[in-house]
Amino acid sequence: MTTPLLSLTWTDDVTGRQGFLVIDRLVRGVCSGGLRMRPGCTSDEVAGLARGMSLKEALHYDPEARYVPLGGAKGGIDCDPRDPEAYGLLVRYLRTMRPYIESFWTTGEDLGLTQDVVDRAAAEAGLVSSVQAVYPLLDDEAGARRRLAEAFAVEVDGIGLDELVGGCGVAESVLTALDRAGVPCWRTRVAVQGLGTMGGATARFLTRAGLTVVAVADIKGTIANPAGLDVESLLAARDAYGTVDRAALRRGDRELPGEAWLSVEAEVLVPAAVSYAIDAANQGRVTARWIAEAANMPVRPDAEEALAARGVTVLPDVVVNSCTNAWWWWTLFGDIGPSAEEAFAHTRRSMRALTDLTLARAEADGTTPRAAAHAIAEDRLPVIAERFGRHR
């Protein structure tokens with residue numbers, strides 16, 4: 001991993017808890033990357049995520065688009081978001097990081113935080129917006145901000161568009177892999193870890209594409225049904241953290257231990273919750289053919305090496321979950337309008353093209369999709385730097 005441009009560790013004077021900010025690089029003086037809150041979050045974790053954001057931005061570079069990729073960054077806070085002190089801690093973190101957010105770090109929701117909570121805390125910390133650093137790059141700031149606000153107000157079947165685009169992107173990555181392998185949707189079973197923003201939307205899109213979700217896992221354990229779960233009922237019965245009310249379970253739904261989702265009979269696993277969910281110790285339980293990384297860094301490198309040796313393909317996070325970030329910029333820069341139709345159509349086109357390119361490069365190079373995606377991004381980074389400038 002390259003040395004980041006900036007790495008900060010902050011200690012809260014009220015609770016003693018720590019927060020982190022890592023800026024991997026700047027492009028046109030700006031970087032992009034969400035803010036996560038989870039117990040055990042570390043500086044090394046945030047640094048890895050920041051580097052991943054640089055790669056995600058580069059992977060979506062289109063010289064014909066209005067959206068210009070930014071640099072990569074990430075923020076993290078070592079705290080359980082359910083802790084009563086979590087919100088005050090978030091406000092104090094954002095107040096401390098205010099000069100960076102005002103000048104060059106655009107951020108938003110990530111693991112443990114929703115965008116509405118980030119927005120509320122940002123306002124309390126004295127910020128105009130969590131993405132205000134990008135405003136000077138816009139041709140029409142007022143129009144762009146209005147367009148993004150309108151997009152965030154869109155709901156589809158009771159779920160916000162901002163929650164759905166990421167899952168749409170994950171689903172399209174899976175569908176592209178299935179198409180390349182000649183595997184029909186109706187024969188494909190899926191297990192999802194995490195039914196929050198990303199996992200819930202992914203489960204919805206895959207179900208509507210004809211796949212069968214046979215297991216979902218949350219903090220209480222795994223819910224499984226080999227005949228298929230009623231995804232819509234589970235989504236309606238979850239709380240703000242993605243935990244499902246077990247009263248909503250149907251006859252035939254079984255409650256299993258937390259890690260049971262790893263070994264259920266399914267062709268596709270979607271880790272959509274925490275980093276490092278699949279490691280060298282538990283990877284042997286995986287029987288699926290594909291793992292789609294909806295979360296950031298859910299498969300450890302040593303586990304991925306062992307999985308690849310067994311013929312399990314890991315569709316990497318830098319590709320699979322990249323539309324959560326890209327949608328903001330497609331909308332803000334004006335490549336798409338503030339509608340679900342445009343958002344989903346653009347997401348599907350972009351993710352199918354990117355996933356297909358990644359898998360084709362992996363086959364041609366005789367390597368993993370992650371190595372292929374990194375190679376594609378590394379090819380594009382110098383082009384972006386030459387055209388728009390870069391600070392490292």
# chains A, B, ... in the order shown; residues from 1 in each chain; ligands from 1
$ select_by_dssp --residues "range 148-300 of chain A" --states "strand (DSSP E)" --output "PyMOL selection string"
chain A and resi 155-156+159-160+189-193+212-218+221-224+254-256+268-271+290-292
$ residues_around --residues "Asp24 in chain A" --least-positions-apart "3" --cutoff "10 Å" --atoms "only C-alpha atoms" --output "JSON, numbers by chain"
{"A": [2, 3, 4, 5, 6, 7, 21, 31, 32, 33, 47, 48, 49, 50, 51, 52, 53, 54, 71, 72, 73, 74, 391, 392]}
$ write_last_selection --atoms "all heavy atoms" --output "short mmCIF file (atom, residue, chain, number, x, y, z; two decimals), in the first residue's frame"
data_model
loop_
_atom_site.label_atom_id
_atom_site.label_comp_id
_atom_site.auth_asym_id
_atom_site.auth_seq_id
_atom_site.Cartn_x
_atom_site.Cartn_y
_atom_site.Cartn_z
N THR A 2 0.52 2.25 -0.77
CA THR A 2 1.27 3.50 -0.82
C THR A 2 1.06 4.29 0.47
O THR A 2 0.06 4.12 1.16
CB THR A 2 0.82 4.35 -2.01
OG1 THR A 2 -0.57 4.62 -1.90
CG2 THR A 2 1.11 3.64 -3.32
N THR A 3 2.01 5.15 0.78
CA THR A 3 1.90 6.00 1.97
C THR A 3 0.85 7.07 1.72
O THR A 3 0.89 7.77 0.71
CB THR A 3 3.25 6.67 2.28
OG1 THR A 3 4.24 5.66 2.47
CG2 THR A 3 3.14 7.52 3.53
N PRO A 4 -0.13 7.22 2.64
CA PRO A 4 -1.17 8.23 2.41
C PRO A 4 -0.62 9.64 2.54
O PRO A 4 0.43 9.88 3.16
CB PRO A 4 -2.19 7.92 3.51
CG PRO A 4 -1.42 7.22 4.58
CD PRO A 4 -0.36 6.44 3.86
N LEU A 5 -1.35 10.57 1.97
CA LEU A 5 -0.97 11.98 2.03
C LEU A 5 -1.05 12.50 3.46
O LEU A 5 -0.21 13.27 3.92
CB LEU A 5 -1.89 12.80 1.12
CG LEU A 5 -1.71 14.31 1.12
CD1 LEU A 5 -0.37 14.66 0.51
CD2 LEU A 5 -2.84 14.97 0.34
N LEU A 6 -2.10 12.07 4.19
CA LEU A 6 -2.33 12.58 5.54
C LEU A 6 -2.98 11.49 6.39
O LEU A 6 -3.90 10.80 5.92
CB LEU A 6 -3.26 13.81 5.49
CG LEU A 6 -3.70 14.41 6.83
CD1 LEU A 6 -2.51 15.10 7.51
CD2 LEU A 6 -4.83 15.41 6.61
N SER A 7 -2.53 11.34 7.62
CA SER A 7 -3.12 10.38 8.55
C SER A 7 -3.20 11.02 9.93
O SER A 7 -2.18 11.44 10.48
CB SER A 7 -2.29 9.10 8.60
OG SER A 7 -2.86 8.15 9.48
N LEU A 21 -8.74 9.99 10.59
CA LEU A 21 -8.94 10.50 9.24
C LEU A 21 -7.69 10.16 8.44
O LEU A 21 -6.57 10.48 8.87
CB LEU A 21 -9.16 12.01 9.23
CG LEU A 21 -9.11 12.70 7.85
CD1 LEU A 21 -10.19 12.15 6.92
CD2 LEU A 21 -9.23 14.21 7.99
N CYS A 31 -10.88 15.22 -1.96
CA CYS A 31 -10.93 13.77 -1.81
C CYS A 31 -12.32 13.36 -1.32
O CYS A 31 -13.10 14.18 -0.84
CB CYS A 31 -9.87 13.28 -0.84
SG CYS A 31 -9.96 14.01 0.80
N SER A 32 -12.62 12.07 -1.46
CA SER A 32 -13.95 11.56 -1.14
C SER A 32 -13.83 10.26 -0.35
O SER A 32 -12.99 9.41 -0.67
CB SER A 32 -14.74 11.30 -2.44
OG SER A 32 -15.95 10.63 -2.19
N GLY A 33 -14.67 10.12 0.67
CA GLY A 33 -14.69 8.88 1.42
C GLY A 33 -15.57 9.00 2.65
O GLY A 33 -15.54 10.03 3.34
N ALA A 47 -6.98 3.48 6.85
CA ALA A 47 -6.01 3.68 5.77
C ALA A 47 -6.29 2.77 4.59
O ALA A 47 -6.21 3.19 3.42
CB ALA A 47 -4.59 3.45 6.30
N GLY A 48 -6.62 1.50 4.87
CA GLY A 48 -6.96 0.58 3.80
C GLY A 48 -8.20 1.02 3.04
O GLY A 48 -8.27 0.93 1.81
N LEU A 49 -9.18 1.52 3.77
CA LEU A 49 -10.41 2.00 3.15
C LEU A 49 -10.15 3.25 2.31
O LEU A 49 -10.75 3.43 1.24
CB LEU A 49 -11.45 2.29 4.22
CG LEU A 49 -11.97 1.08 5.01
CD1 LEU A 49 -12.72 1.54 6.25
CD2 LEU A 49 -12.86 0.22 4.13
N ALA A 50 -9.26 4.13 2.79
CA ALA A 50 -8.94 5.34 2.04
C ALA A 50 -8.27 5.00 0.72
O ALA A 50 -8.58 5.59 -0.33
CB ALA A 50 -8.03 6.24 2.87
N ARG A 51 -7.36 4.03 0.75
CA ARG A 51 -6.73 3.61 -0.50
C ARG A 51 -7.77 3.02 -1.44
O ARG A 51 -7.76 3.26 -2.66
CB ARG A 51 -5.64 2.57 -0.20
CG ARG A 51 -4.95 2.02 -1.44
CD ARG A 51 -4.31 3.13 -2.25
NE ARG A 51 -3.62 2.62 -3.43
CZ ARG A 51 -3.19 3.37 -4.43
NH1 ARG A 51 -3.36 4.67 -4.39
NH2 ARG A 51 -2.58 2.84 -5.46
N GLY A 52 -8.69 2.24 -0.88
CA GLY A 52 -9.76 1.67 -1.70
C GLY A 52 -10.61 2.74 -2.36
O GLY A 52 -11.05 2.59 -3.50
N MET A 53 -10.82 3.87 -1.66
CA MET A 53 -11.60 4.95 -2.25
C MET A 53 -10.89 5.58 -3.43
O MET A 53 -11.51 5.95 -4.42
CB MET A 53 -11.91 6.01 -1.19
CG MET A 53 -13.00 5.63 -0.21
SD MET A 53 -14.56 5.16 -0.99
CE MET A 53 -14.88 6.60 -1.98
N SER A 54 -9.56 5.70 -3.37
CA SER A 54 -8.82 6.21 -4.52
C SER A 54 -9.03 5.31 -5.73
O SER A 54 -9.21 5.78 -6.87
CB SER A 54 -7.32 6.30 -4.20
OG SER A 54 -7.04 7.35 -3.32
N GLY A 71 -9.89 12.38 -5.17
CA GLY A 71 -8.96 11.53 -4.45
C GLY A 71 -9.71 10.67 -3.45
O GLY A 71 -10.92 10.78 -3.27
N GLY A 72 -8.99 9.78 -2.77
CA GLY A 72 -9.60 8.86 -1.82
C GLY A 72 -9.29 9.23 -0.38
O GLY A 72 -8.18 9.70 -0.07
N ALA A 73 -10.25 9.02 0.49
CA ALA A 73 -10.08 9.30 1.92
C ALA A 73 -11.05 8.43 2.71
O ALA A 73 -11.92 7.77 2.14
CB ALA A 73 -10.34 10.77 2.22
N LYS A 74 -10.93 8.44 4.01
CA LYS A 74 -11.87 7.73 4.87
C LYS A 74 -11.75 8.27 6.29
O LYS A 74 -10.67 8.68 6.73
CB LYS A 74 -11.59 6.23 4.89
CG LYS A 74 -12.81 5.39 5.21
CD LYS A 74 -13.78 5.36 4.05
CE LYS A 74 -14.96 4.43 4.32
NZ LYS A 74 -15.82 4.33 3.12
N HIS A 391 -2.32 15.50 -5.65
CA HIS A 391 -1.43 15.73 -4.51
C HIS A 391 -1.37 14.43 -3.73
O HIS A 391 -2.41 13.84 -3.43
CB HIS A 391 -1.94 16.84 -3.62
CG HIS A 391 -2.10 18.15 -4.31
ND1 HIS A 391 -1.04 18.97 -4.61
CD2 HIS A 391 -3.20 18.75 -4.81
CE1 HIS A 391 -1.49 20.04 -5.24
NE2 HIS A 391 -2.79 19.94 -5.37
N ARG A 392 -0.17 13.95 -3.41
CA ARG A 392 -0.05 12.71 -2.66
C ARG A 392 0.76 12.96 -1.40
O ARG A 392 1.60 13.83 -1.39
CB ARG A 392 0.61 11.63 -3.50
CG ARG A 392 -0.24 11.18 -4.66
CD ARG A 392 0.28 9.93 -5.28
NE ARG A 392 0.34 8.86 -4.29
CZ ARG A 392 0.84 7.66 -4.54
NH1 ARG A 392 1.33 7.37 -5.71
NH2 ARG A 392 0.86 6.72 -3.61
#
$ select_by_dssp --residues "range 200-383 of chain A" --states "alpha helix (DSSP H)" --output "JSON, numbers by chain"
{"A": [200, 201, 202, 203, 204, 205, 206, 207, 208, 231, 232, 233, 234, 235, 236, 301, 302, 303, 304, 305, 306, 307, 308, 309, 317, 318, 319, 320, 323, 324, 325, 326, 327, 328, 329, 330, 331, 332, 333, 340, 341, 342, 343, 344, 345, 346, 347, 348, 349, 350, 351, 352, 353, 354, 355, 356, 357, 358, 359, 360, 361, 362, 363, 364, 365, 369, 370, 371, 372, 373, 374, 375, 376, 377, 378, 379, 380, 381, 382, 383]}
$ residues_around --residues "Ala227 in chain A" --least-positions-apart "5" --cutoff "9 Å" --atoms "only C-alpha atoms" --output "PyMOL selection string"
chain A and resi 212-214+252-253
$ closest_residue --among "A:Trp329, A:Val320, A:Glu141, A:Ala272" --to "Met198 in chain A" --atoms "only C-alpha atoms"
A:Ala272
$ atom_distance --atom1 "CA of Asp356 in chain A" --atom2 "CA of Asp179 in chain A"
9.7 Å
$ atom_distance --atom1 "CA of Thr202 in chain A" --atom2 "CA of Trp105 in chain A"
27.8 Å
$ residues_around --residues "Thr96 in chain A" --least-positions-apart "2" --cutoff "12 Å" --atoms "only C-alpha atoms" --output "PDB file with N, CA and C atoms, in the first residue's frame"
ATOM      1  N   LEU A   8      -4.429  11.121  10.464  1.00  0.00           N
ATOM      2  CA  LEU A   8      -4.645  11.774  11.753  1.00  0.00           C
ATOM      3  C   LEU A   8      -5.322  10.819  12.734  1.00  0.00           C
ATOM      4  N   THR A   9      -4.930  10.898  13.981  1.00  0.00           N
ATOM      5  CA  THR A   9      -5.620  10.210  15.068  1.00  0.00           C
ATOM      6  C   THR A   9      -6.075  11.256  16.073  1.00  0.00           C
ATOM      7  N   TRP A  10      -7.354  11.214  16.422  1.00  0.00           N
ATOM      8  CA  TRP A  10      -7.953  12.190  17.334  1.00  0.00           C
ATOM      9  C   TRP A  10      -8.457  11.453  18.569  1.00  0.00           C
ATOM     10  N   THR A  11      -8.231  12.031  19.736  1.00  0.00           N
ATOM     11  CA  THR A  11      -8.741  11.473  20.991  1.00  0.00           C
ATOM     12  C   THR A  11      -9.760  12.437  21.588  1.00  0.00           C
ATOM     13  N   ASP A  12     -10.959  11.934  21.801  1.00  0.00           N
ATOM     14  CA  ASP A  12     -12.040  12.750  22.342  1.00  0.00           C
ATOM     15  C   ASP A  12     -11.757  13.087  23.802  1.00  0.00           C
ATOM     16  N   ASP A  13     -11.820  14.368  24.149  1.00  0.00           N
ATOM     17  CA  ASP A  13     -11.492  14.770  25.520  1.00  0.00           C
ATOM     18  C   ASP A  13     -12.608  14.469  26.509  1.00  0.00           C
ATOM     19  N   GLY A  19     -10.800   8.724  17.104  1.00  0.00           N
ATOM     20  CA  GLY A  19     -11.302   8.830  15.739  1.00  0.00           C
ATOM     21  C   GLY A  19     -10.120   9.006  14.801  1.00  0.00           C
ATOM     22  N   PHE A  20     -10.345   8.707  13.524  1.00  0.00           N
ATOM     23  CA  PHE A  20      -9.248   8.717  12.565  1.00  0.00           C
ATOM     24  C   PHE A  20      -9.696   9.386  11.260  1.00  0.00           C
ATOM     25  N   LEU A  21      -8.737   9.992  10.589  1.00  0.00           N
ATOM     26  CA  LEU A  21      -8.939  10.499   9.236  1.00  0.00           C
ATOM     27  C   LEU A  21      -7.688  10.165   8.438  1.00  0.00           C
ATOM     28  N   LEU A  89     -20.255  12.145  20.463  1.00  0.00           N
ATOM     29  CA  LEU A  89     -18.907  11.857  19.983  1.00  0.00           C
ATOM     30  C   LEU A  89     -18.776  12.213  18.506  1.00  0.00           C
ATOM     31  N   LEU A  90     -19.788  11.862  17.720  1.00  0.00           N
ATOM     32  CA  LEU A  90     -19.788  12.172  16.293  1.00  0.00           C
ATOM     33  C   LEU A  90     -19.732  13.677  16.061  1.00  0.00           C
ATOM     34  N   VAL A  91     -20.532  14.422  16.795  1.00  0.00           N
ATOM     35  CA  VAL A  91     -20.536  15.885  16.637  1.00  0.00           C
ATOM     36  C   VAL A  91     -19.168  16.458  16.962  1.00  0.00           C
ATOM     37  N   ARG A  92     -18.560  16.002  18.055  1.00  0.00           N
ATOM     38  CA  ARG A  92     -17.242  16.524  18.432  1.00  0.00           C
ATOM     39  C   ARG A  92     -16.177  16.141  17.403  1.00  0.00           C
ATOM     40  N   TYR A  93     -16.265  14.940  16.856  1.00  0.00           N
ATOM     41  CA  TYR A  93     -15.330  14.527  15.795  1.00  0.00           C
ATOM     42  C   TYR A  93     -15.463  15.453  14.590  1.00  0.00           C
ATOM     43  N   LEU A  94     -16.694  15.676  14.135  1.00  0.00           N
ATOM     44  CA  LEU A  94     -16.916  16.527  12.965  1.00  0.00           C
ATOM     45  C   LEU A  94     -16.502  17.972  13.231  1.00  0.00           C
ATOM     46  N   ARG A  98     -13.681  19.821  11.082  1.00  0.00           N
ATOM     47  CA  ARG A  98     -14.353  20.830  10.263  1.00  0.00           C
ATOM     48  C   ARG A  98     -13.434  21.505   9.247  1.00  0.00           C
ATOM     49  N   PRO A  99     -12.210  21.899   9.600  1.00  0.00           N
ATOM     50  CA  PRO A  99     -11.354  22.554   8.583  1.00  0.00           C
ATOM     51  C   PRO A  99     -11.057  21.658   7.382  1.00  0.00           C
ATOM     52  N   TYR A 100     -10.932  20.351   7.621  1.00  0.00           N
ATOM     53  CA  TYR A 100     -10.653  19.422   6.529  1.00  0.00           C
ATOM     54  C   TYR A 100     -11.893  19.232   5.656  1.00  0.00           C
ATOM     55  N   ILE A 101     -13.062  19.138   6.303  1.00  0.00           N
ATOM     56  CA  ILE A 101     -14.309  18.938   5.550  1.00  0.00           C
ATOM     57  C   ILE A 101     -14.660  20.192   4.755  1.00  0.00           C
ATOM     58  N   GLU A 102     -14.384  21.348   5.319  1.00  0.00           N
ATOM     59  CA  GLU A 102     -14.648  22.597   4.600  1.00  0.00           C
ATOM     60  C   GLU A 102     -13.723  22.756   3.399  1.00  0.00           C
ATOM     61  N   ALA A 122     -23.398  17.111  11.286  1.00  0.00           N
ATOM     62  CA  ALA A 122     -22.583  18.089  10.561  1.00  0.00           C
ATOM     63  C   ALA A 122     -23.126  19.500  10.770  1.00  0.00           C
ATOM     64  N   ALA A 125     -22.232  20.703  14.078  1.00  0.00           N
ATOM     65  CA  ALA A 125     -20.802  21.011  14.163  1.00  0.00           C
ATOM     66  C   ALA A 125     -20.438  22.286  13.412  1.00  0.00           C
ATOM     67  N   GLY A 126     -21.431  22.918  12.770  1.00  0.00           N
ATOM     68  CA  GLY A 126     -21.195  24.178  12.093  1.00  0.00           C
ATOM     69  C   GLY A 126     -20.843  24.065  10.630  1.00  0.00           C
ATOM     70  N   LEU A 127     -21.076  22.891  10.032  1.00  0.00           N
ATOM     71  CA  LEU A 127     -20.770  22.674   8.619  1.00  0.00           C
ATOM     72  C   LEU A 127     -21.971  23.001   7.741  1.00  0.00           C
TER      73      LEU A 127
END
$ residues_around --residues "Asp162 in chain A" --least-positions-apart "2" --cutoff "8 Å" --atoms "only C-alpha atoms" --output "VMD selection string"
chain A and resid 151 to 152 160 164 to 166 324
$ write_last_selection --atoms "C-alpha atoms" --output "short mmCIF file (atom, residue, chain, number, x, y, z; two decimals), in the first residue's frame"
data_model
loop_
_atom_site.label_atom_id
_atom_site.label_comp_id
_atom_site.auth_asym_id
_atom_site.auth_seq_id
_atom_site.Cartn_x
_atom_site.Cartn_y
_atom_site.Cartn_z
CA ALA A 151 -32.52 12.89 -5.40
CA PHE A 152 -32.24 12.26 -1.66
CA GLY A 160 -34.76 6.13 -0.07
CA LEU A 164 -31.00 1.67 -3.03
CA VAL A 165 -28.35 2.67 -5.58
CA GLY A 166 -25.55 0.86 -3.77
CA THR A 324 -22.75 4.22 -3.43
#
$ closest_atom_pairs --of "range 39-156 of chain A" --to "range 341-352 of chain A" --cutoff "12 Å" --atoms "only C-alpha atoms" --output "JSON lines"
{"residue": "A:Lys56", "atom": "CA", "partner": "A:Met351", "partner_atom": "CA", "distance": 11.8}
{"residue": "A:Leu59", "atom": "CA", "partner": "A:Ser350", "partner_atom": "CA", "distance": 10.2}
{"residue": "A:His60", "atom": "CA", "partner": "A:Ser350", "partner_atom": "CA", "distance": 8.0}
{"residue": "A:Tyr61", "atom": "CA", "partner": "A:Ser350", "partner_atom": "CA", "distance": 10.6}
{"residue": "A:Asp62", "atom": "CA", "partner": "A:Ser350", "partner_atom": "CA", "distance": 10.1}
{"residue": "A:Ala65", "atom": "CA", "partner": "A:Ser350", "partner_atom": "CA", "distance": 11.9}
{"residue": "A:Leu148", "atom": "CA", "partner": "A:Ala343", "partner_atom": "CA", "distance": 11.6}
{"residue": "A:Ala151", "atom": "CA", "partner": "A:Ala343", "partner_atom": "CA", "distance": 9.0}
{"residue": "A:Phe152", "atom": "CA", "partner": "A:Ala343", "partner_atom": "CA", "distance": 11.4}
{"residue": "A:Val154", "atom": "CA", "partner": "A:Glu341", "partner_atom": "CA", "distance": 10.7}
{"residue": "A:Glu155", "atom": "CA", "partner": "A:Glu341", "partner_atom": "CA", "distance": 11.5}
{"residue": "A:Val156", "atom": "CA", "partner": "A:Glu341", "partner_atom": "CA", "distance": 10.2}
$ closest_residue --among "A:Leu256, A:Ala181, A:Leu175, A:Leu111" --to "Leu195 in chain A" --atoms "only C-alpha atoms"
A:Leu111
$ residues_around --residues "range 231-237 of chain A" --least-positions-apart "6" --cutoff "12 Å" --atoms "only C-alpha atoms" --output "compact mmCIF listing (two decimals) with N, CA, C and O atoms, in the first residue's frame"
# COMPACT_ATOMS: atom_id res chain seq x y z
N ASP A 157 -40.77 2.34 -3.14
CA ASP A 157 -41.37 1.33 -2.25
C ASP A 157 -40.97 1.58 -0.80
O ASP A 157 -40.67 0.64 -0.05
N GLY A 158 -40.94 2.84 -0.40
CA GLY A 158 -40.70 3.17 1.00
C GLY A 158 -39.25 3.25 1.41
O GLY A 158 -38.95 3.50 2.58
N ILE A 159 -38.31 3.05 0.48
CA ILE A 159 -36.88 3.11 0.80
C ILE A 159 -36.24 4.21 -0.03
O ILE A 159 -36.52 4.35 -1.22
N VAL A 190 -28.75 -17.18 -2.62
CA VAL A 190 -27.92 -16.11 -2.07
C VAL A 190 -28.03 -16.09 -0.55
O VAL A 190 -29.11 -16.28 0.01
N ALA A 191 -26.90 -15.86 0.12
CA ALA A 191 -26.88 -15.60 1.56
C ALA A 191 -26.27 -14.22 1.78
O ALA A 191 -25.24 -13.90 1.18
N VAL A 192 -26.92 -13.42 2.60
CA VAL A 192 -26.49 -12.03 2.82
C VAL A 192 -26.17 -11.81 4.29
O VAL A 192 -26.98 -12.12 5.17
N GLY A 194 -25.83 -9.07 6.90
CA GLY A 194 -26.15 -7.66 7.10
C GLY A 194 -27.36 -7.25 6.29
O GLY A 194 -27.37 -7.41 5.07
N LEU A 195 -28.38 -6.74 6.95
CA LEU A 195 -29.58 -6.31 6.24
C LEU A 195 -29.81 -4.82 6.46
O LEU A 195 -30.93 -4.35 6.53
N GLY A 196 -28.70 -4.09 6.56
CA GLY A 196 -28.78 -2.64 6.66
C GLY A 196 -28.94 -2.01 5.30
O GLY A 196 -29.53 -2.59 4.39
N THR A 197 -28.38 -0.82 5.13
CA THR A 197 -28.55 -0.08 3.89
C THR A 197 -28.13 -0.88 2.67
O THR A 197 -28.90 -1.08 1.74
N MET A 198 -26.89 -1.35 2.66
CA MET A 198 -26.37 -2.04 1.49
C MET A 198 -26.93 -3.46 1.35
O MET A 198 -27.38 -3.86 0.28
N GLY A 199 -26.91 -4.21 2.45
CA GLY A 199 -27.39 -5.59 2.38
C GLY A 199 -28.87 -5.69 2.06
O GLY A 199 -29.28 -6.55 1.28
N GLY A 200 -29.66 -4.81 2.65
CA GLY A 200 -31.09 -4.84 2.39
C GLY A 200 -31.42 -4.53 0.95
O GLY A 200 -32.24 -5.22 0.32
N ALA A 201 -30.79 -3.49 0.40
CA ALA A 201 -31.05 -3.13 -0.99
C ALA A 201 -30.56 -4.22 -1.94
O ALA A 201 -31.23 -4.53 -2.94
N THR A 202 -29.41 -4.81 -1.64
CA THR A 202 -28.90 -5.89 -2.48
C THR A 202 -29.85 -7.07 -2.50
O THR A 202 -30.15 -7.64 -3.56
N ALA A 203 -30.34 -7.46 -1.32
CA ALA A 203 -31.28 -8.57 -1.23
C ALA A 203 -32.54 -8.29 -2.04
O ALA A 203 -33.07 -9.16 -2.74
N ARG A 204 -33.02 -7.05 -1.99
CA ARG A 204 -34.22 -6.69 -2.74
C ARG A 204 -33.98 -6.80 -4.25
O ARG A 204 -34.78 -7.42 -4.97
N PHE A 205 -32.89 -6.24 -4.74
CA PHE A 205 -32.64 -6.26 -6.19
C PHE A 205 -32.37 -7.67 -6.70
O PHE A 205 -32.81 -8.03 -7.79
N LEU A 206 -31.65 -8.46 -5.93
CA LEU A 206 -31.37 -9.83 -6.38
C LEU A 206 -32.65 -10.67 -6.39
O LEU A 206 -32.87 -11.47 -7.32
N THR A 207 -33.50 -10.48 -5.40
CA THR A 207 -34.77 -11.21 -5.37
C THR A 207 -35.63 -10.82 -6.57
O THR A 207 -36.22 -11.69 -7.23
N ARG A 208 -35.67 -9.54 -6.87
CA ARG A 208 -36.49 -9.08 -7.99
C ARG A 208 -35.90 -9.50 -9.35
O ARG A 208 -36.62 -9.52 -10.35
N LEU A 211 -33.31 -14.30 -8.29
CA LEU A 211 -32.51 -15.13 -7.41
C LEU A 211 -33.28 -15.40 -6.12
O LEU A 211 -34.23 -14.68 -5.80
N THR A 212 -32.87 -16.40 -5.37
CA THR A 212 -33.54 -16.78 -4.13
C THR A 212 -32.62 -16.50 -2.94
O THR A 212 -31.53 -17.08 -2.84
N VAL A 213 -33.04 -15.60 -2.07
CA VAL A 213 -32.28 -15.32 -0.85
C VAL A 213 -32.67 -16.37 0.19
O VAL A 213 -33.82 -16.42 0.63
N VAL A 214 -31.72 -17.21 0.57
CA VAL A 214 -32.01 -18.32 1.48
C VAL A 214 -31.53 -18.05 2.90
O VAL A 214 -31.87 -18.81 3.81
N ALA A 215 -30.73 -17.00 3.10
CA ALA A 215 -30.25 -16.69 4.45
C ALA A 215 -29.87 -15.22 4.54
O ALA A 215 -29.33 -14.64 3.60
N VAL A 216 -30.16 -14.63 5.70
CA VAL A 216 -29.68 -13.29 6.02
C VAL A 216 -29.19 -13.33 7.46
O VAL A 216 -29.73 -14.05 8.30
N ALA A 217 -28.15 -12.57 7.74
CA ALA A 217 -27.59 -12.52 9.09
C ALA A 217 -27.61 -11.10 9.61
O ALA A 217 -27.35 -10.15 8.86
N ASP A 218 -27.93 -10.95 10.88
CA ASP A 218 -27.83 -9.65 11.54
C ASP A 218 -27.17 -9.87 12.89
O ASP A 218 -26.62 -10.95 13.16
N ILE A 223 -30.97 -15.92 9.87
CA ILE A 223 -32.33 -16.40 9.53
C ILE A 223 -32.21 -17.12 8.20
O ILE A 223 -31.68 -16.58 7.23
N ALA A 224 -32.68 -18.37 8.15
CA ALA A 224 -32.50 -19.17 6.93
C ALA A 224 -33.78 -19.90 6.57
O ALA A 224 -34.57 -20.28 7.44
N ASN A 225 -33.95 -20.08 5.28
CA ASN A 225 -35.04 -20.91 4.75
C ASN A 225 -34.60 -21.39 3.38
O ASN A 225 -34.47 -20.59 2.46
N THR A 243 -31.41 -4.75 12.13
CA THR A 243 -31.77 -5.91 12.94
C THR A 243 -33.25 -6.26 12.72
O THR A 243 -34.11 -5.40 12.85
N VAL A 244 -33.52 -7.52 12.40
CA VAL A 244 -34.87 -7.95 12.04
C VAL A 244 -35.65 -8.39 13.28
O VAL A 244 -35.14 -9.15 14.10
N ASP A 245 -36.86 -7.91 13.39
CA ASP A 245 -37.78 -8.36 14.45
C ASP A 245 -38.19 -9.80 14.14
O ASP A 245 -38.85 -10.06 13.12
N ARG A 246 -37.81 -10.71 15.01
CA ARG A 246 -38.09 -12.13 14.75
C ARG A 246 -39.58 -12.47 14.73
O ARG A 246 -39.96 -13.54 14.24
N ALA A 247 -40.41 -11.58 15.18
CA ALA A 247 -41.86 -11.81 15.10
C ALA A 247 -42.34 -11.86 13.67
O ALA A 247 -43.42 -12.38 13.38
N ALA A 248 -41.53 -11.33 12.74
CA ALA A 248 -41.92 -11.31 11.32
C ALA A 248 -41.58 -12.61 10.60
O ALA A 248 -41.93 -12.77 9.42
N LEU A 249 -40.91 -13.55 11.24
CA LEU A 249 -40.51 -14.79 10.57
C LEU A 249 -41.73 -15.63 10.24
O LEU A 249 -42.72 -15.68 10.97
N ARG A 250 -41.64 -16.34 9.12
CA ARG A 250 -42.73 -17.20 8.66
C ARG A 250 -42.47 -18.64 9.05
O ARG A 250 -41.35 -18.99 9.46
N ASP A 253 -39.03 -20.55 8.31
CA ASP A 253 -37.84 -19.76 8.58
C ASP A 253 -37.18 -20.28 9.86
O ASP A 253 -37.87 -20.49 10.87
$ closest_residue --among "A:Ser275, A:Gly29, A:Arg361, A:Pro84" --to "Val46 in chain A" --atoms "only C-alpha atoms"
A:Ser275
$ residues_around --residues "Glu378 in chain A" --least-positions-apart "4" --cutoff "10 Å" --atoms "only C-alpha atoms" --output "ChimeraX atom specification"
/A:54-55,58-59,372-374,382-383
$ atom_distance --atom1 "CA of Pro39 in chain A" --atom2 "CA of Ala273 in chain A"
13.2 Å
